[in-house]
file final11.cif (mmCIF, C-alpha atoms)
data_coords
loop_
_atom_site.group_PDB
_atom_site.id
_atom_site.type_symbol
_atom_site.label_atom_id
_atom_site.label_comp_id
_atom_site.auth_asym_id
_atom_site.auth_seq_id
_atom_site.Cartn_x
_atom_site.Cartn_y
_atom_site.Cartn_z
ATOM 1 C CA MET A 76 -30.204 21.460 19.107
ATOM 2 C CA ASP A 77 -31.692 18.566 21.034
ATOM 3 C CA LYS A 78 -29.705 15.375 20.729
ATOM 4 C CA LEU A 79 -31.132 12.415 18.841
ATOM 5 C CA PHE A 80 -32.718 9.466 20.626
ATOM 6 C CA TYR A 81 -33.195 5.864 19.431
ATOM 7 C CA GLU A 82 -36.653 6.814 18.116
ATOM 8 C CA ASP A 83 -35.118 9.445 15.815
ATOM 9 C CA PHE A 84 -33.380 6.756 13.712
ATOM 10 C CA ALA A 85 -35.075 4.452 11.182
ATOM 11 C CA VAL A 86 -34.102 1.270 9.328
ATOM 12 C CA GLY A 87 -32.948 2.200 5.821
ATOM 13 C CA GLN A 88 -31.792 5.674 6.855
ATOM 14 C CA GLU A 89 -28.514 6.802 5.238
ATOM 15 C CA ILE A 90 -26.082 9.232 6.846
ATOM 16 C CA GLN A 91 -23.274 10.850 4.863
ATOM 17 C CA LEU A 92 -19.716 10.600 6.227
ATOM 18 C CA GLY A 93 -16.778 12.927 5.522
ATOM 19 C CA PRO A 94 -15.079 14.073 3.423
ATOM 20 C CA ILE A 95 -11.779 13.815 5.301
ATOM 21 C CA PRO A 96 -8.299 14.132 3.738
ATOM 22 C CA VAL A 97 -5.493 11.674 4.587
ATOM 23 C CA SER A 98 -1.986 13.155 4.537
ATOM 24 C CA ALA A 99 1.374 11.384 4.359
ATOM 25 C CA GLU A 100 2.295 12.952 7.716
ATOM 26 C CA GLU A 101 -0.795 11.535 9.443
ATOM 27 C CA ILE A 102 -0.256 8.085 7.910
ATOM 28 C CA ILE A 103 3.329 7.976 9.157
ATOM 29 C CA GLU A 104 2.471 9.383 12.604
ATOM 30 C CA PHE A 105 -0.272 6.791 13.219
ATOM 31 C CA ALA A 106 1.860 3.931 11.893
ATOM 32 C CA ALA A 107 4.913 4.887 13.943
ATOM 33 C CA GLU A 108 2.821 4.551 17.102
ATOM 34 C CA PHE A 109 0.581 1.569 16.346
ATOM 35 C CA ASP A 110 1.493 -0.264 13.125
ATOM 36 C CA PRO A 111 5.117 0.377 12.080
ATOM 37 C CA GLN A 112 5.202 -1.843 9.006
ATOM 38 C CA PRO A 113 7.457 -0.447 6.247
ATOM 39 C CA MET A 114 4.657 0.276 3.723
ATOM 40 C CA HIS A 115 2.972 2.553 6.289
ATOM 41 C CA LEU A 116 6.180 4.477 7.089
ATOM 42 C CA SER A 117 7.701 5.641 3.789
ATOM 43 C CA GLU A 118 6.850 6.182 0.142
ATOM 44 C CA GLU A 119 9.885 4.126 -0.886
ATOM 45 C CA ALA A 120 8.900 1.063 1.147
ATOM 46 C CA GLY A 121 5.290 1.461 0.015
ATOM 47 C CA LYS A 122 6.368 1.420 -3.633
ATOM 48 C CA ALA A 123 8.340 -1.773 -3.011
ATOM 49 C CA SER A 124 5.247 -3.428 -1.449
ATOM 50 C CA LEU A 125 2.041 -4.811 -2.938
ATOM 51 C CA LEU A 126 0.297 -1.548 -1.963
ATOM 52 C CA GLY A 127 2.222 0.513 -4.524
ATOM 53 C CA GLY A 128 3.006 3.532 -2.335
ATOM 54 C CA LEU A 129 2.728 5.002 1.156
ATOM 55 C CA ALA A 130 -0.562 3.546 2.446
ATOM 56 C CA ALA A 131 -2.472 3.979 5.699
ATOM 57 C CA SER A 132 -2.654 1.193 8.277
ATOM 58 C CA GLY A 133 -6.088 -0.453 8.125
ATOM 59 C CA TRP A 134 -6.466 0.491 11.794
ATOM 60 C CA HIS A 135 -5.833 4.126 10.852
ATOM 61 C CA THR A 136 -8.533 3.979 8.157
ATOM 62 C CA SER A 137 -10.853 2.401 10.744
ATOM 63 C CA ALA A 138 -10.125 5.192 13.241
ATOM 64 C CA LEU A 139 -10.828 7.772 10.514
ATOM 65 C CA MET A 140 -14.193 6.066 9.943
ATOM 66 C CA MET A 141 -14.923 6.521 13.658
ATOM 67 C CA ARG A 142 -13.955 10.211 13.372
ATOM 68 C CA MET A 143 -16.379 10.661 10.468
ATOM 69 C CA MET A 144 -19.139 8.858 12.405
ATOM 70 C CA ILE A 145 -18.461 11.131 15.403
ATOM 71 C CA ASP A 146 -18.823 14.268 13.285
ATOM 72 C CA ALA A 147 -21.857 13.017 11.340
ATOM 73 C CA TYR A 148 -24.049 11.638 14.139
ATOM 74 C CA VAL A 149 -22.426 10.103 17.217
ATOM 75 C CA LEU A 150 -21.890 13.333 19.165
ATOM 76 C CA LYS A 151 -25.374 14.486 18.089
ATOM 77 C CA SER A 152 -26.985 11.382 19.637
ATOM 78 C CA HIS A 153 -27.632 9.988 23.116
ATOM 79 C CA GLY A 154 -25.142 7.181 22.503
ATOM 80 C CA GLU A 155 -24.232 4.713 25.242
ATOM 81 C CA GLY A 156 -21.252 3.078 23.582
ATOM 82 C CA ALA A 157 -20.723 0.002 21.456
ATOM 83 C CA PRO A 158 -19.812 -3.592 22.345
ATOM 84 C CA GLY A 159 -17.433 -4.038 19.423
ATOM 85 C CA ILE A 160 -17.202 -4.417 15.647
ATOM 86 C CA GLU A 161 -18.988 -7.150 13.682
ATOM 87 C CA PHE A 162 -16.431 -6.983 10.863
ATOM 88 C CA VAL A 163 -14.135 -4.645 8.972
ATOM 89 C CA GLU A 164 -12.991 -5.281 5.376
ATOM 90 C CA TRP A 165 -10.050 -3.300 4.026
ATOM 91 C CA LYS A 166 -10.911 -3.539 0.322
ATOM 92 C CA LYS A 167 -8.274 -1.256 -1.230
ATOM 93 C CA PRO A 168 -5.283 0.601 0.207
ATOM 94 C CA VAL A 169 -5.786 4.204 1.368
ATOM 95 C CA MET A 170 -2.900 6.165 -0.126
ATOM 96 C CA ALA A 171 -1.259 9.407 1.050
ATOM 97 C CA GLY A 172 -3.219 12.274 -0.488
ATOM 98 C CA ASP A 173 -6.526 10.392 -0.714
ATOM 99 C CA THR A 174 -9.764 11.997 0.476
ATOM 100 C CA LEU A 175 -12.257 9.645 2.119
ATOM 101 C CA SER A 176 -16.009 9.956 2.304
ATOM 102 C CA GLY A 177 -18.788 7.453 2.798
ATOM 103 C CA ARG A 178 -22.105 6.555 4.285
ATOM 104 C CA THR A 179 -23.609 4.823 7.289
ATOM 105 C CA THR A 180 -26.832 2.856 6.692
ATOM 106 C CA VAL A 181 -29.139 1.833 9.543
ATOM 107 C CA GLU A 182 -29.758 -1.896 9.019
ATOM 108 C CA GLU A 183 -31.458 -3.121 12.222
ATOM 109 C CA MET A 184 -33.054 -1.635 15.326
ATOM 110 C CA ARG A 185 -34.250 -3.427 18.477
ATOM 111 C CA PRO A 186 -34.843 -2.647 22.146
ATOM 112 C CA LEU A 187 -32.157 -4.026 24.458
ATOM 113 C CA ARG A 188 -34.073 -6.530 26.590
ATOM 114 C CA SER A 189 -31.589 -6.471 29.457
ATOM 115 C CA ARG A 190 -31.682 -2.679 29.852
ATOM 116 C CA PRO A 191 -35.074 -0.977 29.470
ATOM 117 C CA GLY A 192 -34.776 2.439 27.872
ATOM 118 C CA ILE A 193 -31.828 1.473 25.666
ATOM 119 C CA GLY A 194 -32.055 0.446 22.023
ATOM 120 C CA VAL A 195 -29.499 -1.281 19.806
ATOM 121 C CA ILE A 196 -28.902 0.219 16.349
ATOM 122 C CA THR A 197 -26.918 -1.891 13.887
ATOM 123 C CA THR A 198 -25.244 0.072 11.114
ATOM 124 C CA ARG A 199 -23.266 -0.733 7.978
ATOM 125 C CA HIS A 200 -20.460 1.641 6.969
ATOM 126 C CA THR A 201 -18.882 2.096 3.541
ATOM 127 C CA LEU A 202 -15.914 4.367 2.823
ATOM 128 C CA MET A 203 -14.799 5.462 -0.641
ATOM 129 C CA ASN A 204 -11.753 7.329 -1.941
ATOM 130 C CA GLN A 205 -11.959 10.367 -4.243
ATOM 131 C CA ASN A 206 -12.298 8.058 -7.279
ATOM 132 C CA GLY A 207 -15.352 6.320 -5.834
ATOM 133 C CA ASP A 208 -13.467 3.088 -5.118
ATOM 134 C CA ILE A 209 -14.689 1.354 -1.967
ATOM 135 C CA VAL A 210 -11.788 1.155 0.502
ATOM 136 C CA LEU A 211 -13.608 -0.131 3.608
ATOM 137 C CA ASN A 212 -16.797 -1.981 4.570
ATOM 138 C CA ALA A 213 -17.799 -2.493 8.199
ATOM 139 C CA ARG A 214 -20.781 -3.290 10.392
ATOM 140 C CA ASN A 215 -21.358 -2.707 14.076
ATOM 141 C CA ALA A 216 -24.009 -2.221 16.729
ATOM 142 C CA ALA A 217 -24.288 0.680 19.162
ATOM 143 C CA MET A 218 -26.511 1.387 22.151
ATOM 144 C CA VAL A 219 -28.645 4.537 22.049
ATOM 145 C CA ARG A 220 -30.951 5.905 24.759
ATOM 146 C CA MET A 221 -34.714 5.926 24.077
ATOM 147 C CA ARG A 222 -36.775 9.089 24.456
ATOM 148 C CA GLN A 223 -39.139 7.202 26.715
ATOM 149 C CA LEU A 224 -39.499 3.733 28.186
ATOM 150 C CA PRO A 225 -41.469 1.280 26.053
ATOM 151 C CA GLY A 226 -45.063 1.198 27.336
ATOM 152 C CA ALA A 227 -44.715 4.442 29.313
ATOM 153 C CA ALA A 228 -47.683 6.834 29.316
ATOM 154 C CA GLN A 229 -47.493 9.574 26.664
ATOM 155 C CA MET B 81 17.653 -13.449 12.705
ATOM 156 C CA ASP B 82 15.843 -14.832 9.685
ATOM 157 C CA LYS B 83 12.239 -13.754 9.449
ATOM 158 C CA LEU B 84 9.471 -16.294 9.929
ATOM 159 C CA PHE B 85 7.623 -17.835 6.985
ATOM 160 C CA TYR B 86 4.153 -19.425 6.849
ATOM 161 C CA GLU B 87 5.724 -22.830 7.540
ATOM 162 C CA ASP B 88 7.166 -21.558 10.837
ATOM 163 C CA PHE B 89 3.673 -21.175 12.360
ATOM 164 C CA ALA B 90 1.434 -24.026 13.578
ATOM 165 C CA VAL B 91 -2.230 -24.403 14.514
ATOM 166 C CA GLY B 92 -2.542 -24.194 18.294
ATOM 167 C CA GLN B 93 0.582 -22.075 18.714
ATOM 168 C CA GLU B 94 0.286 -19.302 21.323
ATOM 169 C CA ILE B 95 2.219 -16.017 21.173
ATOM 170 C CA GLN B 96 2.426 -13.686 24.175
ATOM 171 C CA LEU B 97 1.464 -10.017 23.676
ATOM 172 C CA GLY B 98 2.577 -7.040 25.756
ATOM 173 C CA PRO B 99 2.664 -5.853 28.437
ATOM 174 C CA ILE B 100 1.908 -2.277 27.412
ATOM 175 C CA PRO B 101 0.819 0.532 29.780
ATOM 176 C CA VAL B 102 -2.084 2.868 28.912
ATOM 177 C CA SER B 103 -1.755 6.422 30.238
ATOM 178 C CA ALA B 104 -4.430 9.091 30.647
ATOM 179 C CA GLU B 105 -2.462 11.339 28.279
ATOM 180 C CA GLU B 106 -2.436 8.703 25.506
ATOM 181 C CA ILE B 107 -6.155 7.981 25.960
ATOM 182 C CA ILE B 108 -7.027 11.676 25.637
ATOM 183 C CA GLU B 109 -4.651 12.241 22.704
ATOM 184 C CA PHE B 110 -6.095 9.347 20.669
ATOM 185 C CA ALA B 111 -9.689 10.295 21.503
ATOM 186 C CA ALA B 112 -9.204 13.960 20.637
ATOM 187 C CA GLU B 113 -8.148 12.928 17.144
ATOM 188 C CA PHE B 114 -10.434 9.971 16.380
ATOM 189 C CA ASP B 115 -13.171 9.427 18.991
ATOM 190 C CA PRO B 116 -13.887 12.606 21.005
ATOM 191 C CA GLN B 117 -16.700 11.250 23.164
ATOM 192 C CA PRO B 118 -16.714 12.782 26.668
ATOM 193 C CA MET B 119 -15.832 9.553 28.551
ATOM 194 C CA HIS B 120 -12.613 9.283 26.495
ATOM 195 C CA LEU B 121 -11.589 12.926 27.120
ATOM 196 C CA SER B 122 -11.736 13.556 30.884
ATOM 197 C CA GLU B 123 -11.858 11.745 34.215
ATOM 198 C CA GLU B 124 -14.913 13.794 35.233
ATOM 199 C CA ALA B 125 -16.971 12.853 32.172
ATOM 200 C CA GLY B 126 -15.795 9.260 32.481
ATOM 201 C CA LYS B 127 -17.016 9.114 36.083
ATOM 202 C CA ALA B 128 -20.416 10.439 34.975
ATOM 203 C CA SER B 129 -20.656 7.706 32.292
ATOM 204 C CA LEU B 130 -21.345 3.967 32.468
ATOM 205 C CA LEU B 131 -17.580 3.372 32.178
ATOM 206 C CA GLY B 132 -16.848 4.799 35.634
ATOM 207 C CA GLY B 133 -13.762 6.855 34.760
ATOM 208 C CA LEU B 134 -11.495 7.984 31.940
ATOM 209 C CA ALA B 135 -11.577 5.034 29.520
ATOM 210 C CA ALA B 136 -9.840 4.367 26.197
ATOM 211 C CA SER B 137 -11.762 4.394 22.917
ATOM 212 C CA GLY B 138 -12.325 0.827 21.736
ATOM 213 C CA TRP B 139 -10.473 1.820 18.561
ATOM 214 C CA HIS B 140 -7.499 2.867 20.693
ATOM 215 C CA THR B 141 -7.476 -0.499 22.497
ATOM 216 C CA SER B 142 -7.655 -2.183 19.076
ATOM 217 C CA ALA B 143 -4.703 -0.123 17.819
ATOM 218 C CA LEU B 144 -2.736 -1.074 20.959
ATOM 219 C CA MET B 145 -3.470 -4.730 20.164
ATOM 220 C CA MET B 146 -1.942 -4.155 16.701
ATOM 221 C CA ARG B 147 1.108 -2.568 18.344
ATOM 222 C CA MET B 148 1.551 -5.612 20.593
ATOM 223 C CA MET B 149 1.146 -7.953 17.593
ATOM 224 C CA ILE B 150 3.754 -5.900 15.696
ATOM 225 C CA ASP B 151 6.281 -6.229 18.523
ATOM 226 C CA ALA B 152 5.540 -9.911 19.217
ATOM 227 C CA TYR B 153 5.579 -11.376 15.694
ATOM 228 C CA VAL B 154 4.400 -9.239 12.758
ATOM 229 C CA LEU B 155 7.697 -7.451 12.106
ATOM 230 C CA LYS B 156 9.520 -10.758 12.629
ATOM 231 C CA SER B 157 7.487 -12.432 9.856
ATOM 232 C CA HIS B 158 7.213 -12.257 6.065
ATOM 233 C CA GLY B 159 3.747 -10.728 6.349
ATOM 234 C CA GLU B 160 1.858 -9.576 3.275
ATOM 235 C CA GLY B 161 -0.924 -7.658 5.017
ATOM 236 C CA ALA B 162 -4.450 -8.482 6.131
ATOM 237 C CA PRO B 163 -7.833 -8.153 4.409
ATOM 238 C CA GLY B 164 -9.647 -6.940 7.533
ATOM 239 C CA ILE B 165 -10.949 -7.976 10.936
ATOM 240 C CA GLU B 166 -13.408 -10.831 11.482
ATOM 241 C CA PHE B 167 -14.685 -9.303 14.730
ATOM 242 C CA VAL B 168 -13.629 -7.264 17.748
ATOM 243 C CA GLU B 169 -15.401 -7.467 21.124
ATOM 244 C CA TRP B 170 -14.754 -4.715 23.672
ATOM 245 C CA LYS B 171 -15.602 -6.722 26.810
ATOM 246 C CA LYS B 172 -14.621 -4.281 29.562
ATOM 247 C CA PRO B 173 -13.440 -0.663 29.533
ATOM 248 C CA VAL B 174 -9.691 -0.008 29.482
ATOM 249 C CA MET B 175 -9.065 2.634 32.142
ATOM 250 C CA ALA B 176 -6.272 5.192 32.463
ATOM 251 C CA GLY B 177 -3.393 3.519 34.298
ATOM 252 C CA ASP B 178 -4.231 -0.010 33.141
ATOM 253 C CA THR B 179 -1.515 -2.291 31.772
ATOM 254 C CA LEU B 180 -2.576 -4.606 28.942
ATOM 255 C CA SER B 181 -1.144 -7.955 27.975
ATOM 256 C CA GLY B 182 -2.529 -10.909 26.078
ATOM 257 C CA ARG B 183 -2.034 -13.712 23.645
ATOM 258 C CA THR B 184 -2.489 -14.551 19.989
ATOM 259 C CA THR B 185 -3.508 -18.131 19.158
ATOM 260 C CA VAL B 186 -3.106 -19.609 15.673
ATOM 261 C CA GLU B 187 -6.512 -21.133 14.853
ATOM 262 C CA GLU B 188 -6.393 -21.978 11.127
ATOM 263 C CA MET B 189 -3.816 -22.164 8.331
ATOM 264 C CA ARG B 190 -4.367 -22.683 4.617
ATOM 265 C CA PRO B 191 -2.598 -21.924 1.325
ATOM 266 C CA LEU B 192 -4.124 -19.004 -0.595
ATOM 267 C CA ARG B 193 -5.364 -20.643 -3.799
ATOM 268 C CA SER B 194 -5.371 -17.416 -5.818
ATOM 269 C CA ARG B 195 -1.740 -16.595 -5.015
ATOM 270 C CA PRO B 196 0.730 -19.493 -4.960
ATOM 271 C CA GLY B 197 3.445 -18.993 -2.364
ATOM 272 C CA ILE B 198 1.169 -17.152 0.077
ATOM 273 C CA GLY B 199 -0.593 -18.710 3.074
ATOM 274 C CA VAL B 200 -3.454 -17.403 5.182
ATOM 275 C CA ILE B 201 -3.058 -17.608 8.963
ATOM 276 C CA THR B 202 -6.177 -16.981 11.044
ATOM 277 C CA THR B 203 -5.502 -15.896 14.597
ATOM 278 C CA ARG B 204 -7.565 -15.200 17.714
ATOM 279 C CA HIS B 205 -6.429 -12.412 20.038
ATOM 280 C CA THR B 206 -7.285 -11.917 23.721
ATOM 281 C CA LEU B 207 -6.215 -8.892 25.782
ATOM 282 C CA MET B 208 -6.357 -8.701 29.590
ATOM 283 C CA ASN B 209 -5.825 -5.888 32.070
ATOM 284 C CA GLN B 210 -3.498 -6.134 35.096
ATOM 285 C CA ASN B 211 -6.251 -7.896 37.083
ATOM 286 C CA GLY B 212 -6.626 -10.654 34.501
ATOM 287 C CA ASP B 213 -10.007 -9.368 33.274
ATOM 288 C CA ILE B 214 -10.504 -9.894 29.548
ATOM 289 C CA VAL B 215 -10.952 -6.476 27.898
ATOM 290 C CA LEU B 216 -10.877 -7.484 24.206
ATOM 291 C CA ASN B 217 -11.427 -10.524 21.997
ATOM 292 C CA ALA B 218 -10.759 -10.443 18.258
ATOM 293 C CA ARG B 219 -10.092 -12.697 15.296
ATOM 294 C CA ASN B 220 -8.518 -11.964 11.940
ATOM 295 C CA ALA B 221 -6.660 -13.483 9.029
ATOM 296 C CA ALA B 222 -3.316 -12.367 7.614
ATOM 297 C CA MET B 223 -1.302 -13.342 4.564
ATOM 298 C CA VAL B 224 2.214 -14.686 5.113
ATOM 299 C CA ARG B 225 4.778 -15.680 2.508
ATOM 300 C CA MET B 226 5.739 -19.358 2.248
ATOM 301 C CA ARG B 227 9.368 -20.465 2.384
ATOM 302 C CA GLN B 228 8.857 -22.353 -0.849
ATOM 303 C CA LEU B 229 6.089 -22.990 -3.336
ATOM 304 C CA PRO B 230 3.887 -26.008 -2.606
ATOM 305 C CA GLY B 231 5.171 -28.954 -4.634
ATOM 306 C CA ALA B 232 8.528 -27.306 -5.397
ATOM 307 C CA ALA B 233 11.622 -29.500 -5.400
ATOM 308 C CA GLN B 234 13.483 -29.579 -2.041
#

call {"tool": "encode", "arguments": {"input": "final11.cif", "output": "structure tokens"}}
result
Amino acid sequence: MDKLFYEDFAVGQEIQLGPIPVSAEEIIEFAAEFDPQPMHLSEEAGKASLLGGLAASGWHTSALMMRMMIDAYVLKSHGEGAPGIEFVEWKKPVMAGDTLSGRTTVEEMRPLRSRPGIGVITTRHTLMNQNGDIVLNARNAAMVRMRQLPGAAQ
Amino acid sequence: MDKLFYEDFAVGQEIQLGPIPVSAEEIIEFAAEFDPQPMHLSEEAGKASLLGGLAASGWHTSALMMRMMIDAYVLKSHGEGAPGIEFVEWKKPVMAGDTLSGRTTVEEMRPLRSRPGIGVITTRHTLMNQNGDIVLNARNAAMVRMRQLPGAAQ
């Protein structure tokens, strides 16, 4: 299959993400390396915290969002990377045993003035757990190659 | 040592982060799980990309920032979690073999009206590589327990 170019996306387009399961083992493994706060390391400490049980680091949930974006469209596109994240909201804890899914919505598209042949696609991302509760909202921009230079002959 | 409360922080305070080394093995391991784009998986693909070599996923750099925050002050404080990230800018690629360090600056502090006894501390984070180049800027807010309720008797 040919990879997608900037021109293959459209404002308003929705792309499904996931599903992806989140195990206790993965939560603990990620937290031990990057975010070893007690509520991310054991069920007991999670129960004693405001989160009510073993819960994923917000950075782990964010990385799982990236994994779902990768599988849904990033590796199928002529992507040229991203300059960062506009925002991430961790709305509800992601608990051991949850299954996440979600959607990416294309919100804005514009040519990158400083680099002809590259377009910027701004996307909003929403992740839900298996009960339909929103656990994460985010927005970011990514650079995607154009099929042809603006103004080039057909 | 007693853990730090909200009252132990001050606007303008700077906290040193790191240093932390970033190996090729760690870059590939993180990317294989969460962000398997070619430039994060091999030196060859990295050299063929705009990044110029094997480079860490921006999400990996962000998780390493969390790790440095954990070691510098989060586990030493009465933290009550964070609602998200205001923004993250990936300014330059983090390459295999780089060593990151940085600083967290306290920018704003306010009591959380909806939960007496909790304060919100907003911090800016800057990470540099071993050459002093800024690789990441970010800002976020976290909730920290107060030593005593506002207005409580001394």

call {"tool": "resolve_selection", "arguments": {"input": "final11.cif", "expression": "the PyMOL selection byres ((chain A and resi 124) around 12)", "output": "number ranges by chain"}}
result
A: 112-123, 125-130, 168; B: 158-161

call {"tool": "residues_near_point", "arguments": {"input": "final11.cif", "point": "(-23.6, 1.5, 10.5)", "cutoff": "6 Å", "atoms": "only C-alpha atoms", "output": "number ranges by chain"}}
result
A: 179-181, 197-200, 214-215

call {"tool": "interface_residues", "arguments": {"input": "final11.cif", "of": "chain A", "to": "chain B", "cutoff": "7 Å", "atoms": "all atoms listed in the file", "output": "mmCIF file with C-alpha atoms, keeping the file's coordinate frame"}}
result
data_model
loop_
_atom_site.group_PDB
_atom_site.id
_atom_site.type_symbol
_atom_site.label_atom_id
_atom_site.label_comp_id
_atom_site.auth_asym_id
_atom_site.auth_seq_id
_atom_site.Cartn_x
_atom_site.Cartn_y
_atom_site.Cartn_z
ATOM 1 C CA PHE A 109 0.581 1.569 16.346
ATOM 2 C CA ASP A 110 1.493 -0.264 13.125
ATOM 3 C CA GLN A 112 5.202 -1.843 9.006
ATOM 4 C CA TRP A 134 -6.466 0.491 11.794
ATOM 5 C CA ALA A 138 -10.125 5.192 13.241
ATOM 6 C CA LEU A 139 -10.828 7.772 10.514
ATOM 7 C CA MET A 141 -14.923 6.521 13.658
ATOM 8 C CA ARG A 142 -13.955 10.211 13.372
ATOM 9 C CA ILE A 145 -18.461 11.131 15.403
ATOM 10 C CA LEU A 150 -21.890 13.333 19.165
ATOM 11 C CA PRO A 158 -19.812 -3.592 22.345
ATOM 12 C CA GLY A 159 -17.433 -4.038 19.423
ATOM 13 C CA ILE A 160 -17.202 -4.417 15.647
ATOM 14 C CA GLU A 161 -18.988 -7.150 13.682
ATOM 15 C CA PHE A 162 -16.431 -6.983 10.863
ATOM 16 C CA VAL A 163 -14.135 -4.645 8.972
ATOM 17 C CA GLU A 164 -12.991 -5.281 5.376
ATOM 18 C CA TRP A 165 -10.050 -3.300 4.026
ATOM 19 C CA LYS A 166 -10.911 -3.539 0.322
#

call {"tool": "atom_distance", "arguments": {"input": "final11.cif", "atom1": "atom CA of Met223 of chain B", "atom2": "atom CA of Gly199 of chain B"}}
result
5.6 Å

call {"tool": "resolve_selection", "arguments": {"input": "final11.cif", "expression": "the PyMOL selection byres ((chain B and resi 85) around 12)", "output": "number ranges by chain"}}
result
B: 82-84, 86-90, 153-160, 197-201, 223-229

call {"tool": "atom_distance", "arguments": {"input": "final11.cif", "atom1": "atom CA of Ile95 of chain B", "atom2": "atom CA of Ile102 of chain A"}}
result
27.6 Å

call {"tool": "atom_distance", "arguments": {"input": "final11.cif", "atom1": "atom CA of Ala171 of chain A", "atom2": "atom CA of Ala99 of chain A"}}
result
4.7 Å

call {"tool": "residues_around", "arguments": {"input": "final11.cif", "residues": "Val91 of chain B", "least_positions_apart": "2", "cutoff": "7 Å", "atoms": "only C-alpha atoms", "output": "JSON, numbers by chain"}}
result
{"B": [93, 186, 187, 188, 189]}

call {"tool": "write_last_selection", "arguments": {"input": "final11.cif", "atoms": "C-alpha atoms", "output": "mmCIF file, keeping the file's coordinate frame"}}
result
data_model
loop_
_atom_site.group_PDB
_atom_site.id
_atom_site.type_symbol
_atom_site.label_atom_id
_atom_site.label_comp_id
_atom_site.auth_asym_id
_atom_site.auth_seq_id
_atom_site.Cartn_x
_atom_site.Cartn_y
_atom_site.Cartn_z
ATOM 1 C CA GLN B 93 0.582 -22.075 18.714
ATOM 2 C CA VAL B 186 -3.106 -19.609 15.673
ATOM 3 C CA GLU B 187 -6.512 -21.133 14.853
ATOM 4 C CA GLU B 188 -6.393 -21.978 11.127
ATOM 5 C CA MET B 189 -3.816 -22.164 8.331
#

call {"tool": "residues_around", "arguments": {"input": "final11.cif", "residues": "Gly207 of chain A", "least_positions_apart": "3", "cutoff": "10 Å", "atoms": "only C-alpha atoms", "output": "PyMOL selection string"}}
result
chain A and resi 175-177+202-204+210

call {"tool": "axis_aligned_box", "arguments": {"input": "final11.cif", "around": "segment 204-222 of chain B", "padding_each_side": "5 Å", "output": "AutoDock Vina command-line options"}}
result
--center_x -7.4 --center_y -10.5 --center_z 22.3 --size_x 18.1 --size_y 19.3 --size_z 39.5

call {"tool": "closest_residue", "arguments": {"input": "final11.cif", "among": "B:Ser194, B:Val174, B:Ala136, B:Asn211", "to": "Ile108 of chain B", "atoms": "only C-alpha atoms"}}
result
B:Ala136
